[in-house]
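Here's query_5.txt, which has compact mmCIF, C-alpha atoms:
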# COMPACT_ATOMS: atom_id res chain seq x y z
CA MET J 1 -71.46 177.84 36.44
CA ARG J 2 -74.89 177.25 34.98
CA ALA J 3 -73.80 178.38 31.53
CA ALA J 4 -70.83 176.01 31.65
CA ALA J 5 -73.11 173.10 32.58
CA ARG J 6 -75.45 174.02 29.71
CA ARG J 7 -72.54 174.16 27.24
CA LEU J 8 -71.26 170.79 28.46
CA GLY J 9 -74.74 169.29 28.07
CA GLN J 10 -74.99 170.65 24.54
CA GLN J 11 -71.56 169.29 23.67
CA LEU J 12 -72.30 165.84 25.06
CA GLY J 13 -75.88 165.47 23.88
CA ARG J 14 -78.16 162.76 25.16
CA ARG J 15 -76.00 159.76 24.38
CA GLY J 16 -72.86 161.43 25.71
CA THR J 17 -74.59 162.35 28.94
CA ALA J 18 -75.69 158.73 29.34
CA LEU J 19 -72.11 157.56 28.74
CA VAL J 20 -70.71 160.02 31.30
CA LEU J 21 -73.19 158.84 33.93
CA LEU J 22 -72.69 155.15 33.14
CA GLY J 23 -68.90 155.46 33.07
CA THR J 24 -68.74 157.40 36.31
CA GLY J 25 -71.00 154.88 38.06
CA LYS J 26 -68.95 151.92 36.87
CA MET J 27 -65.69 153.53 37.97
CA CYS J 28 -67.15 154.31 41.42
CA PHE J 29 -68.45 150.75 41.80
CA GLY J 30 -65.05 149.29 40.89
CA VAL J 31 -63.12 151.68 43.11
CA GLY J 32 -65.37 150.68 46.01
CA TYR J 33 -64.29 147.06 45.64
CA LEU J 34 -60.65 148.08 45.15
CA LEU J 35 -60.61 150.14 48.35
CA THR J 36 -62.43 147.56 50.49
CA PRO J 37 -62.33 144.20 48.73
CA ASP J 38 -64.62 141.51 50.05
CA ALA J 39 -62.45 138.41 50.40
CA ASN J 40 -65.30 136.05 49.53
CA PRO J 41 -68.27 137.84 47.97
CA ARG J 42 -71.32 135.55 47.95
CA GLY J 43 -72.67 134.70 44.53
CA LEU J 44 -69.54 135.66 42.63
CA GLU J 45 -67.63 132.41 43.11
CA LEU J 46 -67.85 131.67 39.37
CA LEU J 47 -65.73 134.78 38.83
CA THR J 48 -63.54 134.76 41.94
CA ASP J 49 -62.49 131.14 41.30
CA ARG J 50 -60.85 132.43 38.11
CA ALA J 51 -59.46 135.78 39.29
CA ASP J 52 -59.25 137.84 42.46
CA ILE J 53 -62.08 140.29 43.22
CA ARG J 54 -59.58 143.13 42.71
CA TRP J 55 -59.17 142.02 39.09
CA TRP J 56 -62.91 142.11 38.55
CA ALA J 57 -63.09 145.49 40.28
CA SER J 58 -60.34 146.74 37.96
CA LEU J 59 -62.44 145.57 35.03
CA TRP J 60 -65.29 147.79 36.28
CA VAL J 61 -62.90 150.75 36.50
CA ALA J 62 -61.32 150.15 33.08
CA CYS J 63 -64.66 149.65 31.34
CA GLY J 64 -66.03 152.70 33.14
CA ALA J 65 -63.11 154.79 31.89
CA VAL J 66 -63.68 153.66 28.29
CA THR J 67 -67.39 154.39 28.68
CA PHE J 68 -66.73 157.84 30.15
CA CYS J 69 -64.18 158.79 27.48
CA SER J 70 -66.49 157.63 24.69
CA ALA J 71 -68.96 160.34 25.70
CA TRP J 72 -66.98 162.92 23.75
CA LEU J 73 -66.99 160.93 20.51
CA ARG J 74 -69.49 161.55 17.75
CA VAL J 75 -72.66 159.53 17.54
CA GLY J 76 -71.78 156.36 15.66
CA ARG J 77 -68.23 156.41 16.98
CA ASP J 78 -69.33 156.08 20.60
CA TRP J 79 -70.18 152.38 20.23
CA ALA J 80 -67.09 151.25 22.20
CA GLY J 81 -68.42 153.05 25.25
CA PHE J 82 -71.69 151.17 25.16
CA ILE J 83 -69.94 147.83 24.65
CA ALA J 84 -67.52 148.57 27.50
CA ALA J 85 -70.48 149.50 29.71
CA LEU J 86 -72.05 146.09 29.06
CA ILE J 87 -69.04 143.93 29.93
CA PRO J 88 -68.88 144.09 33.78
CA PRO J 89 -72.62 143.78 34.51
CA PHE J 90 -72.88 140.95 31.97
CA PHE J 91 -70.21 138.92 33.77
CA TRP J 92 -71.45 139.74 37.27
CA GLY J 93 -75.06 139.10 36.32
CA ALA J 94 -74.14 135.75 34.78
CA ALA J 95 -72.23 134.79 37.93
CA PHE J 96 -75.21 135.62 40.14
CA LEU J 97 -77.56 133.69 37.84
CA TRP J 98 -75.25 130.68 37.97
CA ALA J 99 -75.07 130.88 41.77
CA ALA J 100 -78.88 130.95 41.93
CA VAL J 101 -79.32 128.04 39.50
CA THR J 102 -76.82 125.88 41.39
CA GLY J 103 -78.41 126.76 44.73
CA ASP J 104 -75.23 128.33 46.16
CA PHE J 105 -76.83 131.77 46.43
CA PRO J 106 -80.61 131.70 45.92
CA ARG J 107 -80.85 135.49 46.18
CA GLY J 108 -78.64 135.62 43.08
CA ILE J 109 -81.73 135.47 40.86
CA ALA J 110 -82.83 138.86 42.20
CA VAL J 111 -79.36 140.34 41.77
CA PHE J 112 -79.24 138.90 38.25
CA GLY J 113 -82.59 140.56 37.52
CA TRP J 114 -81.24 143.85 38.82
CA PHE J 115 -78.13 143.66 36.62
CA ALA J 116 -80.20 142.57 33.61
CA THR J 117 -82.66 145.45 33.87
CA SER J 118 -80.97 148.40 35.53
CA HIS J 119 -77.62 147.81 33.89
CA VAL J 120 -77.78 145.80 30.69
CA GLY J 121 -81.30 146.87 29.76
CA MET J 122 -80.65 150.56 30.39
CA ILE J 123 -77.36 150.46 28.50
CA LEU J 124 -79.00 148.84 25.49
CA TRP J 125 -81.78 151.42 25.63
CA ALA J 126 -79.32 154.33 25.91
CA ALA J 127 -77.34 152.96 22.94
CA SER J 128 -80.48 153.03 20.82
CA VAL J 129 -81.43 156.62 21.68
CA PRO J 130 -81.02 158.83 18.63
CA GLU J 131 -79.24 162.11 19.06
CA TYR J 132 -81.81 164.75 18.15
CA GLU J 133 -79.97 167.74 19.48
CA MET J 134 -78.22 169.53 16.69
CA PRO J 135 -75.34 171.91 17.42
CA HIS J 136 -76.27 175.58 17.41
CA LEU J 137 -75.13 177.44 14.32
CA ALA J 138 -73.34 180.74 14.56
CA ARG J 139 -75.07 183.75 13.01
CA GLY J 140 -72.92 183.64 9.88
CA GLU J 141 -73.62 179.91 9.36
CA ARG J 142 -77.41 180.07 9.48
CA PRO J 143 -79.16 179.24 6.21
Translate this structure into structure tokens?
Amino acid sequence: MRAAARRLGQQLGRRGTALVLLGTGKMCFGVGYLLTPDANPRGLELLTDRADIRWWASLWVACGAVTFCSAWLRVGRDWAGFIAALIPPFFWGAAFLWAAVTGDFPRGIAVFGWFATSHVGMILWAASVPEYEMPHLARGERP
């Protein structure tokens, strides 16, 4: 089991591991809202006035799936995963900021800050991480 985990880590590398974690988290977050949708989530009225919360939850799941699947692409081709990872927290963060600015949900400024740092900021940082781990060469391939 440990050897399999090590091989998977080597195959994914640093960026791929970040994409797997981000994608899995986004899918779990979206599924949570799909299974038990809040009819009127406070602070998200900017979004829920345009589409049902299930639609926004489905966006989390879809973007999470793209993010997760992008983990197995080569560095440089994994960009779609990082962009997909940014989409849901960008919209939700903007909705919470708007709710705070308009006074509808004053706590929205804190939630916006959380989305901006722990989601958007971390995704942008992970996208900029270079992949230093080189694949191991077989004995016959060594220089």
One decimal, Å: what's the distance from CA of Ile123 in chain J over to CA of Leu86 in chain J, could you say?
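Separation between CA of Ile123 in chain J and CA of Leu86 in chain J: 6.9 Å.
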Taken to one decimal, the CA of Gly43 in chain J-CA of Pro106 in chain J distance is 8.6 Å
Between J:Val61, J:Ala51, J:Ile87, J:Ala5, which residue has the minimum interatomic distance to Gly32 in chain J, considering only C-alpha atoms?
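Among the listed residues, J:Val61 lies closest to Gly32 in chain J.
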Using all atoms listed in the file, determine which residues lie at most 12 Å from Asp104 in chain J, disregarding the query and same-chain residues fewer than 5 positions distant; provide the list as a ChimeraX atom specification.
/J:41-46,95-99,109
Of the residues J:Arg14, J:Arg6, J:Arg77, J:Lys26, which is the one nearest to Gly64 in chain J, using all atoms listed in the file?
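Result for the nearest residue to Gly64 in chain J: J:Lys26.
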Residue list as number ranges by chain for point (-65.9, 157.3, 30.8), cut-off 7 Å, all atoms listed in the file
J: 19-20, 23-24, 64-71
Nearest to Ala80 in chain J: which of J:Cys63, J:Ala116, J:Ala57, J:Leu22 is it, counting all atoms listed in the file?
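Using all atoms listed in the file, Ala80 in chain J sits closest to J:Cys63.
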When you draw a straight line from CA of Phe82 in chain J to CA of Met27 in chain J, how long is it in Å?
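Straight-line distance from CA of Phe82 in chain J to CA of Met27 in chain J works out to 14.3 Å.
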Output of range 110-121 of chain J limited to all heavy atoms, as an mmCIF file, in the first residue's frame:
data_model
loop_
_atom_site.group_PDB
_atom_site.id
_atom_site.type_symbol
_atom_site.label_atom_id
_atom_site.label_comp_id
_atom_site.auth_asym_id
_atom_site.auth_seq_id
_atom_site.Cartn_x
_atom_site.Cartn_y
_atom_site.Cartn_z
ATOM 1 N N ALA J 110 -15.772 38.675 6.103
ATOM 2 C CA ALA J 110 -14.894 37.629 6.632
ATOM 3 C C ALA J 110 -14.905 36.399 5.731
ATOM 4 O O ALA J 110 -13.859 35.799 5.470
ATOM 5 C CB ALA J 110 -15.313 37.254 8.049
ATOM 6 N N VAL J 111 -16.081 36.034 5.243
ATOM 7 C CA VAL J 111 -16.176 34.880 4.348
ATOM 8 C C VAL J 111 -15.462 35.188 3.039
ATOM 9 O O VAL J 111 -14.756 34.337 2.484
ATOM 10 C CB VAL J 111 -17.644 34.483 4.111
ATOM 11 C CG1 VAL J 111 -17.734 33.259 3.217
ATOM 12 C CG2 VAL J 111 -18.348 34.218 5.435
ATOM 13 N N PHE J 112 -15.611 36.420 2.538
ATOM 14 C CA PHE J 112 -14.874 36.839 1.351
ATOM 15 C C PHE J 112 -13.365 36.702 1.583
ATOM 16 O O PHE J 112 -12.646 36.187 0.735
ATOM 17 C CB PHE J 112 -15.211 38.283 0.974
ATOM 18 C CG PHE J 112 -14.221 38.898 0.038
ATOM 19 C CD1 PHE J 112 -14.219 38.558 -1.301
ATOM 20 C CD2 PHE J 112 -13.260 39.792 0.506
ATOM 21 C CE1 PHE J 112 -13.288 39.109 -2.176
ATOM 22 C CE2 PHE J 112 -12.330 40.332 -0.353
ATOM 23 C CZ PHE J 112 -12.342 39.995 -1.692
ATOM 24 N N GLY J 113 -12.893 37.171 2.722
ATOM 25 C CA GLY J 113 -11.472 37.067 3.041
ATOM 26 C C GLY J 113 -11.004 35.629 3.077
ATOM 27 O O GLY J 113 -9.903 35.303 2.613
ATOM 28 N N TRP J 114 -11.849 34.750 3.594
ATOM 29 C CA TRP J 114 -11.518 33.328 3.641
ATOM 30 C C TRP J 114 -11.426 32.742 2.237
ATOM 31 O O TRP J 114 -10.473 32.033 1.912
ATOM 32 C CB TRP J 114 -12.567 32.595 4.476
ATOM 33 C CG TRP J 114 -12.335 31.127 4.567
ATOM 34 C CD1 TRP J 114 -11.324 30.488 5.224
ATOM 35 C CD2 TRP J 114 -13.140 30.102 3.985
ATOM 36 N NE1 TRP J 114 -11.452 29.128 5.068
ATOM 37 C CE2 TRP J 114 -12.560 28.872 4.325
ATOM 38 C CE3 TRP J 114 -14.294 30.123 3.210
ATOM 39 C CZ2 TRP J 114 -13.099 27.650 3.913
ATOM 40 C CZ3 TRP J 114 -14.828 28.905 2.813
ATOM 41 C CH2 TRP J 114 -14.232 27.694 3.157
ATOM 42 N N PHE J 115 -12.395 33.050 1.384
ATOM 43 C CA PHE J 115 -12.339 32.574 -0.003
ATOM 44 C C PHE J 115 -11.133 33.151 -0.733
ATOM 45 O O PHE J 115 -10.469 32.463 -1.500
ATOM 46 C CB PHE J 115 -13.629 32.924 -0.763
ATOM 47 C CG PHE J 115 -14.718 31.912 -0.607
ATOM 48 C CD1 PHE J 115 -15.866 32.214 0.093
ATOM 49 C CD2 PHE J 115 -14.616 30.660 -1.168
ATOM 50 C CE1 PHE J 115 -16.887 31.291 0.242
ATOM 51 C CE2 PHE J 115 -15.618 29.718 -1.031
ATOM 52 C CZ PHE J 115 -16.751 30.038 -0.325
ATOM 53 N N ALA J 116 -10.863 34.440 -0.515
ATOM 54 C CA ALA J 116 -9.754 35.096 -1.224
ATOM 55 C C ALA J 116 -8.401 34.513 -0.846
ATOM 56 O O ALA J 116 -7.528 34.378 -1.701
ATOM 57 C CB ALA J 116 -9.778 36.605 -0.954
ATOM 58 N N THR J 117 -8.237 34.154 0.415
ATOM 59 C CA THR J 117 -6.921 33.657 0.847
ATOM 60 C C THR J 117 -6.810 32.149 0.751
ATOM 61 O O THR J 117 -5.919 31.633 0.084
ATOM 62 C CB THR J 117 -6.625 34.095 2.294
ATOM 63 O OG1 THR J 117 -7.674 33.654 3.148
ATOM 64 C CG2 THR J 117 -6.488 35.606 2.381
ATOM 65 N N SER J 118 -7.713 31.424 1.410
ATOM 66 C CA SER J 118 -7.565 29.978 1.472
ATOM 67 C C SER J 118 -7.985 29.270 0.194
ATOM 68 O O SER J 118 -7.644 28.111 0.004
ATOM 69 C CB SER J 118 -8.341 29.409 2.660
ATOM 70 O OG SER J 118 -9.724 29.534 2.442
ATOM 71 N N HIS J 119 -8.692 29.947 -0.661
ATOM 72 C CA HIS J 119 -9.059 29.334 -1.937
ATOM 73 C C HIS J 119 -8.272 29.983 -3.077
ATOM 74 O O HIS J 119 -7.363 29.376 -3.620
ATOM 75 C CB HIS J 119 -10.565 29.459 -2.185
ATOM 76 C CG HIS J 119 -11.380 28.550 -1.335
ATOM 77 N ND1 HIS J 119 -11.767 27.309 -1.732
ATOM 78 C CD2 HIS J 119 -11.868 28.703 -0.083
ATOM 79 C CE1 HIS J 119 -12.460 26.726 -0.775
ATOM 80 N NE2 HIS J 119 -12.540 27.562 0.237
ATOM 81 N N VAL J 120 -8.648 31.186 -3.422
ATOM 82 C CA VAL J 120 -8.040 31.840 -4.585
ATOM 83 C C VAL J 120 -6.534 32.011 -4.398
ATOM 84 O O VAL J 120 -5.745 31.666 -5.291
ATOM 85 C CB VAL J 120 -8.738 33.188 -4.885
ATOM 86 C CG1 VAL J 120 -8.034 33.928 -6.001
ATOM 87 C CG2 VAL J 120 -10.207 32.953 -5.235
ATOM 88 N N GLY J 121 -6.121 32.509 -3.257
ATOM 89 C CA GLY J 121 -4.693 32.708 -3.014
ATOM 90 C C GLY J 121 -3.902 31.417 -3.079
ATOM 91 O O GLY J 121 -2.832 31.352 -3.702
#
